[in-house]
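Chemist: If it helps, the file is called my_file-v4.txt and holds compact mmCIF, C-alpha atoms:
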```txt
# COMPACT_ATOMS: atom_id res chain seq x y z
CA MET A 1410 -11.28 -17.10 1.63
CA ALA A 1411 -14.57 -15.19 1.41
CA PRO A 1412 -14.39 -11.55 0.26
CA ILE A 1413 -14.24 -9.03 3.07
CA LYS A 1414 -17.20 -6.67 3.34
CA ARG A 1415 -15.42 -3.33 3.50
CA HIS A 1416 -17.18 -0.27 4.92
CA GLU A 1417 -17.60 2.53 2.38
CA ALA A 1418 -15.36 4.79 4.49
CA LEU A 1419 -12.35 2.50 3.89
CA LYS A 1420 -12.97 1.47 0.28
CA THR A 1421 -10.63 4.08 -1.18
CA LEU A 1422 -7.76 2.74 0.91
CA SER A 1423 -8.68 -0.83 -0.03
CA ARG A 1424 -8.51 0.16 -3.71
CA ASP A 1425 -5.08 1.64 -3.01
CA HIS A 1426 -4.16 -1.70 -1.44
CA HIS A 1427 -5.20 -3.41 -4.65
CA HIS A 1428 -2.67 -1.25 -6.54
CA GLY A 1429 -0.07 -2.21 -3.93
CA LEU A 1430 -0.74 -5.91 -4.51
CA LEU A 1431 -0.46 -5.27 -8.25
CA LEU A 1432 2.92 -3.66 -7.57
CA CYS A 1433 4.04 -6.88 -5.90
CA PHE A 1434 2.87 -8.82 -8.97
CA LYS A 1435 4.74 -6.39 -11.24
CA ILE A 1436 7.94 -6.90 -9.25
CA ARG A 1437 7.61 -10.69 -9.56
CA GLN A 1438 6.87 -10.43 -13.30
CA GLY A 1439 9.73 -8.00 -13.86
CA ILE A 1440 12.18 -10.34 -12.17
CA LYS A 1441 10.76 -13.29 -14.13
CA ASN A 1442 11.09 -11.31 -17.39
CA GLY A 1443 14.71 -10.45 -16.65
CA THR A 1444 14.09 -6.73 -16.14
CA SER A 1445 17.08 -5.10 -14.47
CA PHE A 1446 16.70 -4.30 -10.80
CA LYS A 1447 17.71 -0.73 -11.71
CA ASP A 1448 14.64 -0.39 -13.98
CA ILE A 1449 12.32 -2.00 -11.42
CA LYS A 1450 13.72 0.35 -8.78
CA LYS A 1451 12.87 3.38 -10.94
CA TYR A 1452 9.23 2.30 -10.95
CA LEU A 1453 9.31 1.59 -7.20
CA ASP A 1454 10.67 5.09 -6.55
CA PHE A 1455 7.90 6.58 -8.69
CA PHE A 1456 5.20 4.47 -7.01
CA PHE A 1457 6.44 5.31 -3.52
CA GLU A 1458 6.69 9.06 -4.11
CA ASN A 1459 3.45 9.41 -6.05
CA HIS A 1460 1.18 6.91 -4.32
CA LEU A 1461 2.43 4.98 -1.31
CA ARG A 1462 3.82 7.88 0.75
CA ALA A 1463 0.42 9.68 0.62
CA HIS A 1464 -1.42 6.43 1.37
CA PHE A 1465 0.65 5.88 4.52
CA ARG A 1466 0.03 9.49 5.57
CA GLU A 1467 -3.76 9.12 5.12
CA GLU A 1468 -3.82 5.98 7.22
CA GLU A 1469 -1.63 7.45 9.95
CA GLU A 1470 -3.41 10.82 10.16
CA HIS A 1471 -7.02 9.71 9.71
CA VAL A 1472 -7.59 5.97 10.10
CA PHE A 1473 -5.25 4.77 12.83
CA PRO A 1474 -6.49 7.38 15.35
CA VAL A 1475 -9.80 5.48 15.45
CA LEU A 1476 -8.01 2.85 17.56
CA GLY A 1477 -5.15 5.03 18.80
CA ASN A 1478 -1.41 4.68 18.26
CA ASP A 1479 -1.09 2.50 21.39
CA HIS A 1480 -3.33 -0.23 19.97
CA PRO A 1481 -1.19 -3.33 19.20
CA LEU A 1482 -2.45 -3.62 15.61
CA VAL A 1483 -1.77 0.07 14.94
CA LYS A 1484 1.71 -0.29 16.43
CA THR A 1485 2.34 -3.18 14.04
CA ALA A 1486 1.08 -1.18 11.05
CA LEU A 1487 3.20 1.84 11.99
CA SER A 1488 6.28 -0.34 12.37
CA GLN A 1489 5.60 -1.90 8.97
CA HIS A 1490 5.19 1.56 7.41
CA ARG A 1491 8.61 2.64 8.76
CA SER A 1492 10.24 -0.57 7.55
CA LEU A 1493 8.73 -0.21 4.07
CA GLU A 1494 9.73 3.47 3.89
CA THR A 1495 13.31 2.47 4.70
CA LEU A 1496 13.30 -0.25 2.06
CA PHE A 1497 11.78 1.97 -0.64
CA THR A 1498 14.26 4.78 0.02
CA THR A 1499 17.33 2.53 0.19
CA VAL A 1500 19.47 3.17 -2.88
CA ASP A 1501 22.13 0.51 -2.31
CA ASP A 1502 21.78 -3.00 -3.71
CA PRO A 1503 18.31 -3.04 -5.30
CA GLY A 1504 18.84 -6.73 -6.11
CA ARG A 1505 18.65 -7.40 -2.38
CA THR A 1506 15.96 -4.89 -1.35
CA ILE A 1507 13.44 -5.35 -4.19
CA PRO A 1508 12.49 -8.96 -3.30
CA ILE A 1509 12.19 -7.88 0.35
CA ILE A 1510 9.92 -4.98 -0.66
CA GLU A 1511 7.72 -7.36 -2.65
CA ASN A 1512 7.34 -9.72 0.30
CA GLU A 1513 6.94 -7.13 3.06
CA LEU A 1514 4.49 -4.96 1.11
CA GLU A 1515 2.25 -7.92 0.31
CA GLN A 1516 2.30 -9.11 3.94
CA HIS A 1517 1.57 -5.57 5.17
CA ILE A 1518 -1.41 -5.10 2.87
CA ARG A 1519 -2.86 -8.49 3.81
CA PHE A 1520 -2.42 -7.62 7.51
CA GLU A 1521 -4.25 -4.31 7.14
CA GLU A 1522 -7.06 -5.77 5.03
CA ARG A 1523 -7.61 -8.98 7.02
CA GLN A 1524 -6.99 -7.72 10.54
CA LEU A 1525 -6.56 -4.00 11.14
CA PHE A 1526 -9.33 -2.62 8.91
CA ASN A 1527 -11.79 -5.22 10.22
CA ILE A 1528 -11.20 -4.06 13.81
CA ILE A 1529 -11.40 -0.41 12.79
CA GLN A 1530 -14.76 -1.04 11.08
CA LEU A 1531 -16.08 -2.71 14.23
CA GLU A 1532 -14.85 -0.12 16.70
CA ALA A 1533 -15.31 3.15 14.78
CA THR A 1534 -18.23 5.31 15.79
CA THR A 1535 -20.75 6.55 13.24
CA GLU A 1536 -19.15 9.99 13.47
CA GLN A 1537 -15.67 8.58 12.86
CA LEU A 1538 -16.88 6.65 9.82
CA LYS A 1539 -18.54 9.77 8.42
CA TYR A 1540 -15.33 11.70 8.97
CA LEU A 1541 -13.33 9.01 7.16
CA MET A 1542 -15.78 9.03 4.27
CA ASN A 1543 -15.25 12.79 3.90
CA VAL A 1544 -11.46 12.86 4.12
CA LEU A 1545 -10.80 9.66 2.16
CA SER A 1546 -13.25 10.20 -0.68
CA HIS A 1547 -10.67 10.88 -3.42
CA GLU A 1548 -10.52 8.96 -6.67
CA THR A 1549 -8.10 6.07 -6.79
CA HIS A 1550 -5.54 6.82 -9.49
CA ASP A 1551 -4.03 4.09 -11.69
CA PRO A 1552 -0.26 4.60 -11.35
CA ASP A 1553 0.44 2.93 -14.70
CA LYS A 1554 -1.15 5.82 -16.61
CA ASP A 1555 1.83 7.95 -15.61
CA TRP A 1556 4.57 5.37 -16.19
CA PRO A 1557 5.74 4.55 -19.72
CA ASP A 1558 7.77 1.37 -19.12
CA HIS A 1559 5.42 -1.53 -18.40
CA PHE A 1560 8.31 -3.94 -17.85
CA TRP A 1561 6.01 -6.49 -16.23
CA LYS A 1562 4.25 -7.11 -19.57
CA GLN A 1563 7.37 -8.11 -21.49
CA ASN A 1564 7.99 -11.75 -22.37
```
Spell out the structure here as structure tokens.
Modeler:
Amino acid sequence: MAPIKRHEALKTLSRDHHHGLLLCFKIRQGIKNGTSFKDIKKYLDFFFENHLRAHFREEEEHVFPVLGNDHPLVKTALSQHRSLETLFTTVDDPGRTIPIIENELEQHIRFEERQLFNIIQLEATTEQLKYLMNVLSHETHDPDKDWPDHFWKQN
């Protein structure tokens, strides 16, 4: 698949998506390495509270309004956000929820990158894109710098 030409206004969120896909990889590697689901869950809690929750909020407050909350693709994204929030905040049975998180998060990111963001780029006005560039211009932070246990690197 050819790389997607992402508008500058959405590049910060796309970089966040890259970290989300890396999270999915880390989950798979952690499971492969025999890391306990309890330890993986600690990292998921950290990632959700320090990165993903704010990412969802930025999309919902600033990006999705370009199409409106009644747009079918936005409705899908919002539904996926609620489902992922529920999964990330579920404390019971991490052995069941963690593989679901890995799958649903990856599918969600691919949906936003391949479908939703492409439509937003096409339909956004010049003013909307300028607004997004202003409000979404923060640095993308590497979550691993703040997490000591890189369980996904173990053999």
Chemist: Calculate how many Å separate atom CA of His1426 of chain A from atom CA of Asp1501 of chain A, rounding to one decimal.
Modeler: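 Computing the Euclidean distance for atom CA of His1426 of chain A and atom CA of Asp1501 of chain A yields 26.4 Å.
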Chemist: Determine, counting all atoms listed in the file, which protein, DNA and RNA residues have an atom within 12 Å of an atom of segment 1419-1425 of chain A; residues of the same chain fewer than 3 positions away are not included. Present the result as a PyMOL selection string.
Modeler: chain A and resi 1413-1416+1428-1432+1456+1459-1469+1471-1473+1518-1523+1525-1530+1533+1537-1552
Chemist: So, with all atoms listed in the file as the atoms that count, which of A:Glu1536, A:Asp1448, A:Asp1454, A:Asp1502 lies closest to Ala1418 of chain A?
Modeler: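 Among A:Glu1536, A:Asp1448, A:Asp1454, A:Asp1502, it is A:Glu1536 that comes nearest to Ala1418 of chain A.
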Chemist: Every residue with an atom at most 9 Å from (7.9, -14.4, -17.8) (file coordinates; only C-alpha atoms) is what I'm after, so could you write them as a list in words?
Modeler: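 With a cut-off of 9 Å, the residues come to Gln1438, Gly1439, Ile1440, Lys1441, Asn1442, Gly1443, Trp1561, Lys1562, Gln1563 and Asn1564 of chain A.
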Chemist: Mind dumping the selected residues with C-alpha atoms as a CSV table (one decimal), keeping the file's coordinate frame?
Modeler:
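Just written: part_34.csv:
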```csv
chain,number,residue,atom,x,y,z
A,1438,GLN,CA,6.9,-10.4,-13.3
A,1439,GLY,CA,9.7,-8.0,-13.9
A,1440,ILE,CA,12.2,-10.3,-12.2
A,1441,LYS,CA,10.8,-13.3,-14.1
A,1442,ASN,CA,11.1,-11.3,-17.4
A,1443,GLY,CA,14.7,-10.4,-16.6
A,1561,TRP,CA,6.0,-6.5,-16.2
A,1562,LYS,CA,4.2,-7.1,-19.6
A,1563,GLN,CA,7.4,-8.1,-21.5
A,1564,ASN,CA,8.0,-11.8,-22.4
```
Chemist: Check the smallest atom-to-atom distance from each of A:Asn1512, A:Asp1558, A:Leu1453, A:Ala1486 to Thr1499 of chain A using all atoms listed in the file, then report the winner.
Modeler: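 Of the candidates, the smallest distance to Thr1499 of chain A is held by A:Leu1453.
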Chemist: Missing atoms in segment 1458-1472 of chain A should be modelled up to N, CA, C and O atoms and reported as a PDB file, keeping the file's coordinate frame.
Modeler:
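This is the output file out00.pdb:
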```pdb
ATOM      1  N   GLU A1458       6.831   7.607  -4.209  1.00  0.00           N
ATOM      2  CA  GLU A1458       6.690   9.060  -4.110  1.00  0.00           C
ATOM      3  C   GLU A1458       5.318   9.562  -4.522  1.00  0.00           C
ATOM      4  O   GLU A1458       4.819  10.533  -3.961  1.00  0.00           O
ATOM      5  N   ASN A1459       4.704   8.918  -5.493  1.00  0.00           N
ATOM      6  CA  ASN A1459       3.450   9.410  -6.050  1.00  0.00           C
ATOM      7  C   ASN A1459       2.201   8.729  -5.514  1.00  0.00           C
ATOM      8  O   ASN A1459       1.096   9.222  -5.766  1.00  0.00           O
ATOM      9  N   HIS A1460       2.353   7.633  -4.788  1.00  0.00           N
ATOM     10  CA  HIS A1460       1.180   6.910  -4.320  1.00  0.00           C
ATOM     11  C   HIS A1460       1.314   6.410  -2.874  1.00  0.00           C
ATOM     12  O   HIS A1460       0.489   6.736  -2.029  1.00  0.00           O
ATOM     13  N   LEU A1461       2.352   5.656  -2.606  1.00  0.00           N
ATOM     14  CA  LEU A1461       2.430   4.980  -1.310  1.00  0.00           C
ATOM     15  C   LEU A1461       2.675   5.934  -0.143  1.00  0.00           C
ATOM     16  O   LEU A1461       2.068   5.786   0.913  1.00  0.00           O
ATOM     17  N   ARG A1462       3.526   6.931  -0.343  1.00  0.00           N
ATOM     18  CA  ARG A1462       3.820   7.880   0.750  1.00  0.00           C
ATOM     19  C   ARG A1462       2.515   8.565   1.208  1.00  0.00           C
ATOM     20  O   ARG A1462       2.244   8.661   2.401  1.00  0.00           O
ATOM     21  N   ALA A1463       1.688   9.018   0.275  1.00  0.00           N
ATOM     22  CA  ALA A1463       0.420   9.680   0.620  1.00  0.00           C
ATOM     23  C   ALA A1463      -0.554   8.690   1.262  1.00  0.00           C
ATOM     24  O   ALA A1463      -1.292   9.045   2.191  1.00  0.00           O
ATOM     25  N   HIS A1464      -0.547   7.460   0.797  1.00  0.00           N
ATOM     26  CA  HIS A1464      -1.420   6.430   1.370  1.00  0.00           C
ATOM     27  C   HIS A1464      -1.061   6.204   2.844  1.00  0.00           C
ATOM     28  O   HIS A1464      -1.944   6.163   3.697  1.00  0.00           O
ATOM     29  N   PHE A1465       0.221   6.055   3.127  1.00  0.00           N
ATOM     30  CA  PHE A1465       0.650   5.880   4.520  1.00  0.00           C
ATOM     31  C   PHE A1465       0.206   7.076   5.367  1.00  0.00           C
ATOM     32  O   PHE A1465      -0.290   6.913   6.476  1.00  0.00           O
ATOM     33  N   ARG A1466       0.398   8.277   4.832  1.00  0.00           N
ATOM     34  CA  ARG A1466       0.030   9.490   5.570  1.00  0.00           C
ATOM     35  C   ARG A1466      -1.475   9.508   5.879  1.00  0.00           C
ATOM     36  O   ARG A1466      -1.884   9.825   6.998  1.00  0.00           O
ATOM     37  N   GLU A1467      -2.311   9.146   4.898  1.00  0.00           N
ATOM     38  CA  GLU A1467      -3.760   9.120   5.120  1.00  0.00           C
ATOM     39  C   GLU A1467      -4.129   8.124   6.226  1.00  0.00           C
ATOM     40  O   GLU A1467      -4.940   8.439   7.096  1.00  0.00           O
ATOM     41  N   GLU A1468      -3.531   6.963   6.184  1.00  0.00           N
ATOM     42  CA  GLU A1468      -3.820   5.980   7.220  1.00  0.00           C
ATOM     43  C   GLU A1468      -3.388   6.488   8.596  1.00  0.00           C
ATOM     44  O   GLU A1468      -4.139   6.384   9.571  1.00  0.00           O
ATOM     45  N   GLU A1469      -2.185   7.024   8.666  1.00  0.00           N
ATOM     46  CA  GLU A1469      -1.630   7.450   9.950  1.00  0.00           C
ATOM     47  C   GLU A1469      -2.355   8.670  10.526  1.00  0.00           C
ATOM     48  O   GLU A1469      -2.546   8.755  11.738  1.00  0.00           O
ATOM     49  N   GLU A1470      -2.761   9.594   9.677  1.00  0.00           N
ATOM     50  CA  GLU A1470      -3.410  10.820  10.160  1.00  0.00           C
ATOM     51  C   GLU A1470      -4.906  10.647  10.413  1.00  0.00           C
ATOM     52  O   GLU A1470      -5.464  11.322  11.273  1.00  0.00           O
ATOM     53  N   HIS A1471      -5.561   9.772   9.654  1.00  0.00           N
ATOM     54  CA  HIS A1471      -7.020   9.710   9.710  1.00  0.00           C
ATOM     55  C   HIS A1471      -7.595   8.386  10.199  1.00  0.00           C
ATOM     56  O   HIS A1471      -8.592   8.389  10.913  1.00  0.00           O
ATOM     57  N   VAL A1472      -6.991   7.280   9.808  1.00  0.00           N
ATOM     58  CA  VAL A1472      -7.590   5.970  10.100  1.00  0.00           C
ATOM     59  C   VAL A1472      -7.087   5.397  11.416  1.00  0.00           C
ATOM     60  O   VAL A1472      -7.891   4.968  12.257  1.00  0.00           O
TER      61      VAL A1472
END
```
